[in-house]
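J.: My questions all concern the structure below.
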Amino acid sequence: MRTMRMRLAAAVLAVCGAVAWAAGDAHAVVEIDITRGNVQPLPIAVPAFTGGGRDQDLAADIASVVASDLQRSGLFAPVDPATFSQARVGPDEIPRFADWRVVGAQALVAGGIGRAADGRLQVDFRLWDVLAGEQITGQQFFTRPDNWRRVAHLVADAIYERLTGEKGYFDSRVVFVEESGAKDQRVKRLAIMDYDGANVQYLTNGDDLVLTPRFNPSSQEITYMSYAGETPRVHLLNIETGRQQLIRDFPGMTFAPRFSPDGRRVIMSLQQDANANIFTLDLQSGQAARLTDTAAINTAPSYSPDGQRVVFESDRGGSQQLYVMGADGSNPQRITFARGSYSTPVWSPRGDLIAFTRRHEGKFAIGVIRPDGSGERILTEGFHNEGPTWSPNGRVIMFFRETRGPNGGPELWTIDLATRSEFKVPLPAFGSDPAWSPLNR
């Protein structure tokens with residue numbers, strides 16, 4: 001085995017300190033090229049982490065979350081634990097690589113947990129290249145015991161990044177609208193959860209109808225539309241304090257809000273009479289600026305990551321289509337021309353693609369297109385798919401899918417752009433209008 005060198009991780013988390021061990025070889029034999037089409041999931045073994053006494057169950061739970069994260073990406077195929085001849089492999093052990101090759105694993109995650117002197121949970125893991133018999137990477141985390149699930153997501157993020165070359169997205173949250181009750185009397189509450197549906201917390205009590213929640217760049221504040229009062233209006237909500245406030249008392253309905261990349265402005269639609277136009281509001285000065293001025297419905301604006309452009313939907317050409325304009329409203333250009341109508345555009349955090357909903361011949365599709373209008377791709381299509389939102393690394397899309405029947409309702413799903421793998425997000429009730437946060441770092 002090659003000599004390993006220890007280094008302190010560059011980022012020290014507010015809740016988890018991390019120490020990383022990197023293999024001497026800068027290029028691992030095992031890797032996934034997610035820029036190619038038809039990516040084959042990498043077989044990876046994630047046995048239960050080692051842990052003594054009261055921590056044995058927790059150690060198994062952490063490994064289970066890691067395996068689930070990797071599988072949900074569509075890029076990894078966790079090997080069935082029933083085939084393991086080594087039920088647990090500690091981070092300080094040299095694995096019996098021949099045993100792991102027999103079960104088809106190309107990579108192996110060996111981990112363990114313990115307790116630091118101050119009572120914090122210590123989690124160590126090492127990622128091994130089974131075929132080469134070499135360590136790829138390893139890290140050590142410290143956190144509160146009740147924060148174990150987040151550490152599991154951080155472990156999965158580290159593995160994802162080392163094997164794909166892309167940032168992971170598992171340590172992130174999603175704000176959405178939880179829907180419960182009879183189909184014709186749905187109670188809608190703002191809720192927030194881990195990306196995988198765990199740790200659901202409610203942000204509103206359901207007294208007022210709420211729609212389209214969106215994070216600010218720091219993930220500490222949400223903008224959304226609420227039907228509280230006589231006219232639907234855009235509101236702000238601080239996640240930490242629970243404080244809610246009306247963004248401004250405009251003379252008309254405001255809707256479809258979204259923060260600018262720097263968090264200083266909110267862009268939204270203002271409806272007056274039969275028309276809707278796009279405005280921005282400076283959150284410090286309270287000054288509003290009008291970006292569109294047409295006798296049409298202009299809505300669903302979304303900034304490019306650099307804040308220089310805005311994509312939006314408009315029926316100014318006779319049907320709902322997507323347009324891109326400068327952040328000051330200049331030079332609007334139509335970018336969609338296929339049959340059907342387009343809605344809910346959202347710019348990828350990478351800046352390379354725009355996700356959208358397309359309706360044609362009674363079907364709803366989720367797709368992506370380049371900002372210049374080229375390269376349109378439909379990712380999934382069906383009865384009712386809508387409301388895409390991007391993972392922080394721009395590689396996965398979450399959306400909601402309506403199920404048929406008298407007891408049907410919206411469910412949250414994810415789809416990976418490279419593999420087209422779809423996974424349903426488990427929730428205690430129905431869910432719609434998801435919005436993915438930046439990473440929790």
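Numbering starts fresh at 1 for the residues of each chain in the structure tokens, the chains themselves are lettered A, B, ... in the order given, and ligands are numbered from 1 as they appear.
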Mind listing the helix (DSSP H, G or I) residues of stretch 135-254 of chain A, per DSSP on the backbone, as a list in words?
T.: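 In stretch 135-254 of chain A, DSSP puts these residues in helix (DSSP H, G or I): Pro145, Asp146, Asn147, Trp148, Arg149, Arg150, Val151, Ala152, His153, Leu154, Val155, Ala156, Asp157, Ala158, Ile159, Tyr160, Glu161, Arg162, Leu163, Thr164, Lys183, Asp184 and Gln185 of chain A.
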J.: Would you save the residues from that selection as a PDB file, in the first residue's frame, using C-alpha atoms?
T.:
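Saved as again-v2.pdb:
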ATOM      1  CA  PRO A 145     -24.456  12.611  18.012  1.00  0.00           C
ATOM      2  CA  ASP A 146     -27.866  13.878  16.894  1.00  0.00           C
ATOM      3  CA  ASN A 147     -26.230  15.283  13.756  1.00  0.00           C
ATOM      4  CA  TRP A 148     -25.184  11.861  12.474  1.00  0.00           C
ATOM      5  CA  ARG A 149     -27.350  11.980   9.353  1.00  0.00           C
ATOM      6  CA  ARG A 150     -25.619  15.115   8.104  1.00  0.00           C
ATOM      7  CA  VAL A 151     -22.231  13.479   8.574  1.00  0.00           C
ATOM      8  CA  ALA A 152     -23.462  10.535   6.481  1.00  0.00           C
ATOM      9  CA  HIS A 153     -24.369  12.991   3.708  1.00  0.00           C
ATOM     10  CA  LEU A 154     -20.910  14.590   3.978  1.00  0.00           C
ATOM     11  CA  VAL A 155     -19.255  11.177   3.630  1.00  0.00           C
ATOM     12  CA  ALA A 156     -21.345  10.486   0.526  1.00  0.00           C
ATOM     13  CA  ASP A 157     -20.457  13.929  -0.858  1.00  0.00           C
ATOM     14  CA  ALA A 158     -16.747  13.214  -0.411  1.00  0.00           C
ATOM     15  CA  ILE A 159     -17.065   9.871  -2.216  1.00  0.00           C
ATOM     16  CA  TYR A 160     -19.138  11.382  -5.030  1.00  0.00           C
ATOM     17  CA  GLU A 161     -16.635  14.195  -5.561  1.00  0.00           C
ATOM     18  CA  ARG A 162     -13.570  11.942  -5.498  1.00  0.00           C
ATOM     19  CA  LEU A 163     -14.994   9.473  -8.025  1.00  0.00           C
ATOM     20  CA  THR A 164     -16.787  11.865 -10.388  1.00  0.00           C
ATOM     21  CA  LYS A 183     -58.185  16.428  -2.918  1.00  0.00           C
ATOM     22  CA  ASP A 184     -60.705  19.277  -3.127  1.00  0.00           C
ATOM     23  CA  GLN A 185     -59.749  20.698   0.290  1.00  0.00           C
TER      24      GLN A 185
END
J.: Which one is closest to A:Thr137: A:Pro213, A:Pro91, A:Gly326, A:Pro301? Count only C-alpha atoms.
T.: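 For A:Thr137, the nearest of the candidates is A:Pro91.
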J.: Rounded to one decimal, what separation in Å do you get between atom CA of A:Tyr227 and atom CA of A:Phe255?
T.: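 Between these atoms lies a distance of 10.1 Å.
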J.: Can you list, as number ranges by chain, all residues belonging to stretch 365-419 of chain A that DSSP tags as strand (DSSP E)?
T.: A: 365-369, 377-382, 385-390, 396-402, 410-416
J.: Which residues are near stretch 421-438 of chain A? Cut-off 8 Å, only C-alpha atoms, ignore same chain within fewer than 6 positions. Put them as a PyMOL selection string.
T.: chain A and resi 72-74+172-180+195-198+211-215+217-219+387-392+398-400+409-415
J.: Could you please take those selected residues and save N, CA and C atoms as a short mmCIF file (atom, residue, chain, number, x, y, z; two decimals), in the first residue's frame?
T.:
data_model
loop_
_atom_site.label_atom_id
_atom_site.label_comp_id
_atom_site.auth_asym_id
_atom_site.auth_seq_id
_atom_site.Cartn_x
_atom_site.Cartn_y
_atom_site.Cartn_z
N ARG A 72 -29.09 6.86 -5.04
CA ARG A 72 -30.04 7.84 -5.55
C ARG A 72 -29.46 8.69 -6.68
N SER A 73 -28.16 8.86 -6.69
CA SER A 73 -27.54 9.65 -7.75
C SER A 73 -27.66 8.97 -9.10
N GLY A 74 -27.86 7.65 -9.08
CA GLY A 74 -27.91 6.89 -10.32
C GLY A 74 -26.55 6.53 -10.86
N SER A 172 -27.61 18.94 1.53
CA SER A 172 -28.42 20.08 1.09
C SER A 172 -29.85 19.86 1.55
N ARG A 173 -30.64 20.92 1.45
CA ARG A 173 -32.04 20.85 1.87
C ARG A 173 -32.96 21.28 0.73
N VAL A 174 -34.22 20.99 0.89
CA VAL A 174 -35.24 21.36 -0.09
C VAL A 174 -36.41 21.97 0.64
N VAL A 175 -36.88 23.11 0.17
CA VAL A 175 -38.11 23.69 0.68
C VAL A 175 -39.20 23.36 -0.33
N PHE A 176 -40.39 23.06 0.15
CA PHE A 176 -41.47 22.63 -0.74
C PHE A 176 -42.82 22.94 -0.10
N VAL A 177 -43.87 22.68 -0.85
CA VAL A 177 -45.23 22.85 -0.33
C VAL A 177 -45.78 21.47 0.00
N GLU A 178 -46.01 21.22 1.29
CA GLU A 178 -46.63 19.95 1.69
C GLU A 178 -48.14 20.08 1.55
N GLU A 179 -48.75 19.07 0.95
CA GLU A 179 -50.18 19.07 0.71
C GLU A 179 -50.82 17.88 1.41
N SER A 180 -51.85 18.14 2.20
CA SER A 180 -52.53 17.07 2.93
C SER A 180 -54.03 17.32 2.89
N TYR A 195 -32.47 16.70 1.52
CA TYR A 195 -32.74 16.44 0.11
C TYR A 195 -33.43 15.09 -0.11
N ASP A 196 -33.22 14.13 0.81
CA ASP A 196 -33.74 12.78 0.63
C ASP A 196 -35.07 12.55 1.34
N GLY A 197 -35.72 13.61 1.84
CA GLY A 197 -37.02 13.48 2.47
C GLY A 197 -36.99 13.33 3.98
N ALA A 198 -35.81 13.26 4.56
CA ALA A 198 -35.69 13.11 6.02
C ALA A 198 -35.80 14.48 6.70
N LEU A 211 -47.47 29.10 -2.17
CA LEU A 211 -46.96 28.54 -3.42
C LEU A 211 -45.54 29.04 -3.67
N THR A 212 -44.83 28.33 -4.51
CA THR A 212 -43.52 28.68 -5.08
C THR A 212 -42.50 29.21 -4.07
N PRO A 213 -42.15 28.46 -3.04
CA PRO A 213 -41.08 28.91 -2.14
C PRO A 213 -39.73 28.81 -2.83
N ARG A 214 -38.83 29.76 -2.52
CA ARG A 214 -37.49 29.78 -3.12
C ARG A 214 -36.48 30.25 -2.08
N PHE A 215 -35.31 29.60 -2.03
CA PHE A 215 -34.24 29.97 -1.10
C PHE A 215 -33.49 31.22 -1.57
N PRO A 217 -29.51 32.89 -1.42
CA PRO A 217 -28.21 32.21 -1.55
C PRO A 217 -27.64 31.65 -0.26
N SER A 218 -27.98 32.24 0.89
CA SER A 218 -27.46 31.74 2.16
C SER A 218 -28.28 30.62 2.75
N SER A 219 -29.41 30.30 2.12
CA SER A 219 -30.34 29.26 2.59
C SER A 219 -31.00 29.60 3.92
N GLY A 387 -42.51 21.85 -12.38
CA GLY A 387 -41.75 22.54 -11.35
C GLY A 387 -40.35 22.03 -11.10
N PRO A 388 -39.45 22.03 -12.11
CA PRO A 388 -38.09 21.53 -11.87
C PRO A 388 -37.28 22.47 -10.98
N THR A 389 -36.35 21.90 -10.25
CA THR A 389 -35.37 22.65 -9.46
C THR A 389 -34.05 21.89 -9.50
N TRP A 390 -32.94 22.62 -9.52
CA TRP A 390 -31.62 22.02 -9.71
C TRP A 390 -30.95 21.68 -8.38
N SER A 391 -30.23 20.57 -8.37
CA SER A 391 -29.33 20.28 -7.26
C SER A 391 -28.20 21.31 -7.26
N PRO A 392 -27.52 21.51 -6.13
CA PRO A 392 -26.47 22.54 -6.07
C PRO A 392 -25.34 22.35 -7.06
N MET A 398 -34.92 17.95 -9.37
CA MET A 398 -36.08 17.50 -8.61
C MET A 398 -37.31 18.19 -9.19
N PHE A 399 -38.44 17.49 -9.21
CA PHE A 399 -39.68 18.03 -9.74
C PHE A 399 -40.84 17.34 -9.05
N PHE A 400 -42.06 17.77 -9.32
CA PHE A 400 -43.19 17.05 -8.74
C PHE A 400 -44.03 16.42 -9.84
N GLY A 409 -52.25 12.74 -5.95
CA GLY A 409 -51.70 14.02 -5.54
C GLY A 409 -50.26 14.13 -6.00
N PRO A 410 -49.62 15.27 -5.76
CA PRO A 410 -48.25 15.49 -6.22
C PRO A 410 -47.22 14.78 -5.35
N GLU A 411 -46.22 14.21 -6.00
CA GLU A 411 -45.10 13.56 -5.32
C GLU A 411 -43.80 14.14 -5.85
N LEU A 412 -42.77 14.16 -5.02
CA LEU A 412 -41.48 14.69 -5.43
C LEU A 412 -40.59 13.57 -5.98
N TRP A 413 -39.93 13.86 -7.08
CA TRP A 413 -39.04 12.91 -7.74
C TRP A 413 -37.73 13.61 -8.09
N THR A 414 -36.67 12.82 -8.25
CA THR A 414 -35.40 13.33 -8.77
C THR A 414 -35.03 12.55 -10.02
N ILE A 415 -34.28 13.22 -10.90
CA ILE A 415 -33.75 12.56 -12.09
C ILE A 415 -32.34 13.06 -12.34
#
J.: Residues within 9 Å of stretch 268-284 of chain A, please, as a ChimeraX atom specification. Count only C-alpha atoms; anything in the same chain fewer than 2 positions from it doesn't count.
T.: /A:234,247-248,250-259,263-266,286-302,312,329
J.: Taking only C-alpha atoms into account, which of A:Pro345, A:Gly90, A:Gly340, A:Pro95 comes nearest A:Glu313?
T.: A:Pro345
J.: Find the residues near A:Leu131: any atom within 9 Å, counting only C-alpha atoms, skip ones fewer than 4 places away on the same chain, and give them as a PyMOL selection string.
T.: chain A and resi 29-30+97-98+100-101+105-107
J.: Can you work out the spacing between atom CA of A:Gly165 and atom CA of A:Gln140 in Å, to one decimal?
T.: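 For atom CA of A:Gly165 relative to atom CA of A:Gln140, the distance reads 20.2 Å.
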